[in-house]
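With compact mmCIF, C-alpha atoms inside, this is start27.txt:
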# COMPACT_ATOMS: atom_id res chain seq x y z
CA LEU A 1 -2.19 20.08 -44.75
CA LEU A 2 -0.78 18.31 -47.83
CA TRP A 3 2.91 17.78 -48.38
CA GLY A 4 4.13 15.68 -51.25
CA GLY A 5 0.68 14.15 -51.56
CA TRP A 6 0.53 13.18 -47.86
CA VAL A 7 -1.80 14.48 -45.16
CA VAL A 8 0.65 15.93 -42.62
CA PHE A 9 -1.24 17.99 -40.04
CA PRO A 10 -3.43 15.23 -38.50
CA THR A 11 -0.38 12.98 -38.30
CA LEU A 12 1.62 15.64 -36.46
CA VAL A 13 -1.25 16.22 -34.04
CA ALA A 14 -1.51 12.50 -33.34
CA LEU A 15 2.22 12.28 -32.67
CA VAL A 16 2.14 15.26 -30.31
CA VAL A 17 -0.86 13.86 -28.40
CA THR A 18 0.78 10.44 -28.10
CA ALA A 19 4.06 11.91 -26.88
CA SER A 20 2.31 14.11 -24.31
CA GLN A 21 0.81 11.04 -22.67
CA TRP A 22 4.30 10.02 -21.52
CA ILE A 23 5.61 13.36 -20.28
CA PRO A 24 6.35 12.91 -16.55
CA PRO A 25 3.80 14.88 -14.48
CA ALA A 26 5.08 18.02 -12.79
CA HIS A 27 3.66 16.82 -9.46
CA GLN A 28 4.65 13.31 -8.38
CA TRP A 29 3.67 11.38 -5.27
CA THR A 30 6.15 11.62 -2.42
CA GLY A 31 8.69 8.83 -2.60
CA THR A 32 8.47 8.41 -6.37
CA PRO A 33 11.57 6.61 -7.69
CA SER A 34 13.54 7.65 -10.74
CA ARG A 35 12.96 6.07 -14.13
CA ALA A 36 16.32 4.30 -13.90
CA GLU A 37 15.36 2.77 -10.54
CA VAL A 38 12.07 1.41 -11.89
CA ARG A 39 13.78 0.08 -15.03
CA ALA A 40 16.25 -1.76 -12.80
CA LEU A 41 13.35 -3.36 -10.92
CA LEU A 42 11.74 -4.37 -14.22
CA ASP A 43 14.99 -6.12 -15.14
CA ARG A 44 15.02 -8.07 -11.85
CA VAL A 45 11.42 -9.20 -11.44
CA HIS A 46 10.46 -12.74 -12.45
CA VAL A 47 8.05 -12.71 -15.41
CA ILE A 48 5.77 -15.54 -16.55
CA PRO A 49 3.64 -15.67 -19.72
CA ARG A 50 0.30 -15.35 -17.94
CA ARG A 51 -1.44 -15.61 -14.60
CA HIS A 52 -2.97 -18.99 -13.82
CA HIS A 53 -5.67 -19.08 -11.17
CA ILE A 54 -4.81 -21.51 -8.38
CA LEU A 55 -7.62 -23.15 -6.46
CA GLY A 56 -7.86 -22.79 -2.71
CA TYR A 57 -7.69 -19.04 -2.09
CA GLU A 58 -10.10 -17.81 0.59
CA ARG A 59 -9.65 -14.55 2.45
CA ALA A 60 -12.36 -15.27 5.02
CA CYS A 61 -11.44 -16.94 8.30
CA THR A 62 -14.87 -18.11 9.46
CA GLY A 63 -16.53 -21.49 9.38
CA SER A 64 -14.83 -23.88 6.98
CA SER A 65 -12.95 -21.13 5.11
CA SER A 66 -9.26 -21.81 4.55
CA CYS A 67 -8.16 -18.38 5.86
CA SER A 68 -5.40 -18.23 3.24
CA PHE A 69 -3.65 -15.13 4.62
CA GLY A 70 -4.69 -15.36 8.25
CA THR A 71 -7.10 -13.23 10.22
CA ALA A 72 -7.48 -9.83 8.57
CA TRP A 73 -5.21 -7.15 10.08
CA THR A 74 -3.85 -9.41 12.81
CA ASP A 75 -1.11 -8.04 15.04
CA ASP A 76 0.38 -11.53 15.29
CA SER A 77 2.72 -11.70 12.31
CA ASP A 78 6.38 -11.28 11.44
CA ALA A 79 5.69 -8.07 9.50
CA PRO A 80 7.25 -4.74 10.52
CA GLY A 81 5.29 -3.09 13.32
CA SER A 82 3.56 -6.25 14.51
CA HIS A 83 3.26 -7.35 18.14
CA ASN A 84 2.71 -3.81 19.39
CA GLY A 85 -0.86 -4.34 20.56
CA ILE A 86 -2.36 -2.48 17.58
CA ASP A 87 -4.06 -4.24 14.68
CA THR A 88 -2.60 -3.56 11.23
CA ARG A 89 -5.47 -1.42 9.96
CA SER A 90 -5.37 0.83 13.03
CA GLU A 91 -1.58 1.01 12.79
CA MET A 92 -1.76 2.16 9.16
CA LEU A 93 -4.27 4.88 10.05
CA ARG A 94 -2.18 5.90 13.08
CA LEU A 95 0.94 6.28 10.93
CA LEU A 96 -0.82 8.22 8.18
CA THR A 97 1.00 11.50 7.49
CA THR A 98 -1.10 12.89 4.65
CA GLY A 99 -4.74 13.54 3.93
CA ILE A 100 -4.31 12.85 0.21
CA ASP A 101 -5.20 9.63 -1.60
CA PRO A 102 -2.11 8.43 -3.50
CA TYR A 103 -4.20 6.79 -6.21
CA THR A 104 -6.29 9.82 -7.12
CA GLY A 105 -4.41 12.84 -5.76
CA ARG A 106 -7.64 13.95 -4.08
CA PRO A 107 -8.33 14.35 -0.34
CA LEU A 108 -9.05 11.18 1.58
CA PRO A 109 -12.54 10.83 3.07
CA TYR A 110 -12.83 12.30 6.53
CA GLN A 111 -14.75 9.33 7.91
CA ARG A 112 -12.50 6.57 9.24
CA GLN A 113 -14.66 3.76 7.84
CA GLN A 114 -14.33 5.20 4.34
CA ARG A 115 -10.55 5.00 4.52
CA HIS A 116 -9.49 1.58 3.28
CA ILE A 117 -6.17 -0.23 3.52
CA ASP A 118 -5.19 -1.58 0.12
CA HIS A 119 -2.76 -4.35 -0.73
CA LEU A 120 -0.83 -2.92 -3.69
CA PHE A 121 -0.02 -6.46 -4.79
CA PRO A 122 -3.46 -8.04 -4.28
CA LEU A 123 -3.72 -11.07 -2.05
CA ALA A 124 -5.60 -13.10 -4.68
CA ALA A 125 -2.94 -12.29 -7.27
CA ALA A 126 -0.16 -13.15 -4.82
CA TRP A 127 -1.83 -16.52 -4.21
CA ASP A 128 -1.74 -17.25 -7.94
CA MET A 129 1.79 -15.92 -8.42
CA GLY A 130 3.52 -18.00 -5.78
CA ALA A 131 2.01 -17.45 -2.33
CA ALA A 132 -0.12 -20.63 -2.56
CA GLN A 133 3.14 -22.53 -1.98
CA TRP A 134 4.24 -20.49 1.02
CA PRO A 135 3.90 -21.54 4.65
CA GLN A 136 0.95 -19.86 6.36
CA ARG A 137 3.19 -17.70 8.53
CA LYS A 138 4.78 -16.07 5.48
CA ARG A 139 1.37 -15.37 3.94
CA VAL A 140 0.21 -13.69 7.16
CA THR A 141 3.35 -11.54 7.14
CA PHE A 142 2.77 -10.56 3.52
CA ALA A 143 -0.84 -9.55 4.21
CA ASN A 144 0.27 -7.25 7.05
CA ASP A 145 3.48 -5.76 5.64
CA ILE A 146 2.94 -2.07 6.37
CA SER A 147 6.36 -1.05 5.03
CA ARG A 148 5.92 -2.43 1.51
CA ASN A 149 2.49 -3.65 0.47
CA LEU A 150 -0.10 -1.56 2.31
CA VAL A 151 -1.41 1.93 1.60
CA VAL A 152 -4.32 4.02 2.89
CA VAL A 153 -6.77 4.94 0.12
CA ALA A 154 -10.36 6.03 -0.32
CA GLY A 155 -12.88 3.22 -0.13
CA ASP A 156 -14.44 3.88 -3.53
CA ILE A 157 -11.13 3.67 -5.43
CA ASN A 158 -10.12 0.56 -3.48
CA ILE A 159 -13.38 -1.13 -4.46
CA LYS A 160 -12.82 -0.20 -8.12
CA LYS A 161 -9.29 -1.64 -8.00
CA GLY A 162 -10.39 -4.84 -6.30
CA ASP A 163 -7.94 -7.67 -7.01
CA SER A 164 -6.82 -6.16 -10.33
CA THR A 165 -3.17 -6.27 -11.35
CA PRO A 166 -1.42 -3.54 -13.39
CA SER A 167 -2.50 -4.80 -16.82
CA ASP A 168 -6.12 -4.20 -15.77
CA TRP A 169 -5.74 -1.26 -13.38
CA LEU A 170 -3.35 1.59 -12.68
CA PRO A 171 -3.94 4.65 -10.47
CA PRO A 172 -6.10 7.17 -12.33
CA TRP A 173 -3.77 9.97 -11.20
CA LYS A 174 -0.69 9.90 -13.42
CA GLY A 175 1.34 11.53 -10.66
CA SER A 176 1.36 8.26 -8.72
CA ARG A 177 1.76 5.69 -11.49
CA CYS A 178 5.55 5.66 -11.33
CA TRP A 179 5.43 5.36 -7.54
CA TYR A 180 2.87 2.56 -7.85
CA ALA A 181 5.00 0.71 -10.38
CA GLY A 182 8.03 0.96 -8.13
CA ARG A 183 6.15 -0.26 -5.07
CA TYR A 184 4.47 -3.13 -6.94
CA LEU A 185 7.78 -4.35 -8.34
CA THR A 186 9.52 -3.96 -4.97
CA VAL A 187 6.91 -6.18 -3.32
CA ALA A 188 7.16 -8.78 -6.09
CA ILE A 189 10.95 -8.94 -5.85
CA HIS A 190 11.10 -8.94 -2.04
CA TYR A 191 8.63 -11.82 -1.79
CA ASN A 192 9.81 -13.62 -4.94
CA LEU A 193 6.41 -13.32 -6.60
CA SER A 194 6.07 -13.56 -10.37
CA ILE A 195 4.24 -11.08 -12.56
CA SER A 196 2.63 -11.74 -15.93
CA GLN A 197 4.00 -10.43 -19.21
CA ALA A 198 0.92 -8.20 -19.51
CA ASP A 199 1.59 -6.70 -16.07
CA TRP A 200 5.27 -6.22 -16.94
CA ARG A 201 4.29 -4.27 -20.05
CA ALA A 202 1.86 -2.11 -18.08
CA LEU A 203 4.48 -1.32 -15.45
CA SER A 204 7.08 -0.66 -18.14
CA ALA A 205 4.70 1.84 -19.73
CA ALA A 206 4.12 3.47 -16.33
CA SER A 207 7.88 3.87 -15.93
CA ARG A 208 7.83 6.40 -18.80
CA LEU A 209 6.07 8.74 -16.39
CA CYS A 210 8.92 8.53 -13.89
CA PRO A 211 11.10 11.59 -13.24
CA GLN A 212 14.77 11.65 -14.03
CA HIS A 213 15.56 11.89 -10.33
CA ALA A 214 13.71 10.34 -7.39
CA ASN A 215 11.75 12.74 -5.18
Written form, C-alpha cells:
Amino acid sequence: LLWGGWVVFPTLVALVVTASQWIPPAHQWTGTPSRAEVRALLDRVHVIPRRHHILGYERACTGSSSCSFGTAWTDDSDAPGSHNGIDTRSEMLRLLTTGIDPYTGRPLPYQRQQRHIDHLFPLAAAWDMGAAQWPQRKRVTFANDISRNLVVVAGDINIKKGDSTPSDWLPPWKGSRCWYAGRYLTVAIHYNLSISQADWRALSAASRLCPQHAN
C-alpha cells in the first residue's frame, strides 16, 4: 500500500507484530507481581556494567573441591525450613502444590528424578556477583533458600537454562516471565547481589509482560 510515496502496509504490520509481543498474557503464573512492583524492584537493584568471572567457584564437595556453596541440598543451613530432618530437595518436592512447570507452562514429569530444583539466580552467577566475598554460612543459606531462590522444574528445561542469567535465558512461556523477573530481582535485592546492565535490560523488557494488578 502506497501513501504519499511511502510503503505503508508492511510498516503497519511490523508495528502490530512488535506491539503484540509485549501484550501481557491472559494466563500468568500464580504469584505474578504487577508491572509497577517489578519496576520498583528494577529501580532498587544494584547494576554493574558487566559480569566478571571470579576464580574459585566449585559446586562439588568431594576431594579437593572448594565446595563453594556447601553440600548440595543440606538441611544444615540458616535458610527457611532447614533443620527439620529433610534435605532441601526433598522438602521442595514435599511442598510442591502444582503439577505444572512454571518455566514452560507444561505438566511436570511424573518421575521424581526428572523433577529438578533450580536456583533462579544461578549459584555460579551469584559467586561472580558478590557471593565470592560472603562467609561460607551465608552461601549455604543462599543455596538452600526455598522461599526465594528455588523452584521445581522439569529436568530438560533446567539443563537448558544451566547457569544462564536473564540476558541469555528467560522462561520460554511468556506467562511466567514477569513472575521470573520479580523473583530474580527479589533474590538479588535480598542478598545484595549485583546484576549486569544486560540482565537489567532483559528483566526490564520482561516487565512489559506484567499485568496491571498482581495475581
Closest of A:Pro166, A:Gly130, A:Pro25, A:Pro107 to A:Arg183 - atom-to-atom distances counting all atoms listed in the file =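 Smallest separation from A:Arg183 among the options: A:Pro166.
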Leaving out A:Val45 and any residue of its chain fewer than 2 positions from it, which residues lie within 12 Å of it when counting only C-alpha atoms, given as a ChimeraX atom specification?
-> /A:38-43,47-48,181-182,184-197,199-200,203-204
Nearest residue to A:Ile146 from the set A:Trp29, A:Tyr110, A:Trp179, A:Trp73 (distances using only C-alpha atoms) | A:Trp73
note - atom CA of A:Met129 and atom CA of A:Asp87 are separated by 26.5 Å
Pick the closest to A:Tyr180 from A:Ser207, A:Asn158, A:Gln113, A:Ser164: which is it, counting only C-alpha atoms?
->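 Closest to A:Tyr180, using only C-alpha atoms: A:Ser207.
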Atom CA of A:Arg208 to atom CA of A:Ala154, distance in Å rounded to a single decimal =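 Value for the atom CA of A:Arg208-atom CA of A:Ala154 distance: 25.9 Å.
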Separation of atom CA of A:Pro135 from atom CA of A:His116, in Å and rounded to one decimal |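 Between these atoms lies a distance of 26.8 Å.
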Can you list, as a list in words, every protein, DNA or RNA residue that comes within 10 Å of stretch 56-61 of chain A when you count all atoms listed in the file, leaving out same-chain residues fewer than 2 positions away?
->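 The residues satisfying every condition are His53, Ile54, Gly63, Ser64, Ser65, Ser66, Cys67, Ser68, Phe69, Gly70, Thr71, Ala72, Leu123, Ala124, Ala125, Ala126, Trp127, Asp128, Ala131 and Ala132 of chain A.
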Restricting it to C-alpha atoms, dump the selection as a PDB file, in the frame of the given file.
ATOM      1  CA  HIS A  53      -5.670 -19.080 -11.170  1.00  0.00           C
ATOM      2  CA  ILE A  54      -4.810 -21.510  -8.380  1.00  0.00           C
ATOM      3  CA  GLY A  63     -16.530 -21.490   9.380  1.00  0.00           C
ATOM      4  CA  SER A  64     -14.830 -23.880   6.980  1.00  0.00           C
ATOM      5  CA  SER A  65     -12.950 -21.130   5.110  1.00  0.00           C
ATOM      6  CA  SER A  66      -9.260 -21.810   4.550  1.00  0.00           C
ATOM      7  CA  CYS A  67      -8.160 -18.380   5.860  1.00  0.00           C
ATOM      8  CA  SER A  68      -5.400 -18.230   3.240  1.00  0.00           C
ATOM      9  CA  PHE A  69      -3.650 -15.130   4.620  1.00  0.00           C
ATOM     10  CA  GLY A  70      -4.690 -15.360   8.250  1.00  0.00           C
ATOM     11  CA  THR A  71      -7.100 -13.230  10.220  1.00  0.00           C
ATOM     12  CA  ALA A  72      -7.480  -9.830   8.570  1.00  0.00           C
ATOM     13  CA  LEU A 123      -3.720 -11.070  -2.050  1.00  0.00           C
ATOM     14  CA  ALA A 124      -5.600 -13.100  -4.680  1.00  0.00           C
ATOM     15  CA  ALA A 125      -2.940 -12.290  -7.270  1.00  0.00           C
ATOM     16  CA  ALA A 126      -0.160 -13.150  -4.820  1.00  0.00           C
ATOM     17  CA  TRP A 127      -1.830 -16.520  -4.210  1.00  0.00           C
ATOM     18  CA  ASP A 128      -1.740 -17.250  -7.940  1.00  0.00           C
ATOM     19  CA  ALA A 131       2.010 -17.450  -2.330  1.00  0.00           C
ATOM     20  CA  ALA A 132      -0.120 -20.630  -2.560  1.00  0.00           C
TER      21      ALA A 132
END
Would you please work out which residue, of A:Ala79, A:Gly175, A:Leu95, A:Gly85, is nearest to A:Arg148 when using only C-alpha atoms?
->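 The answer is A:Ala79, which sits nearest to A:Arg148.
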A:Arg94 proximity check over A:His27, A:Arg106, A:Arg112, A:Arg177, using all atoms listed in the file: winner is A:Arg112
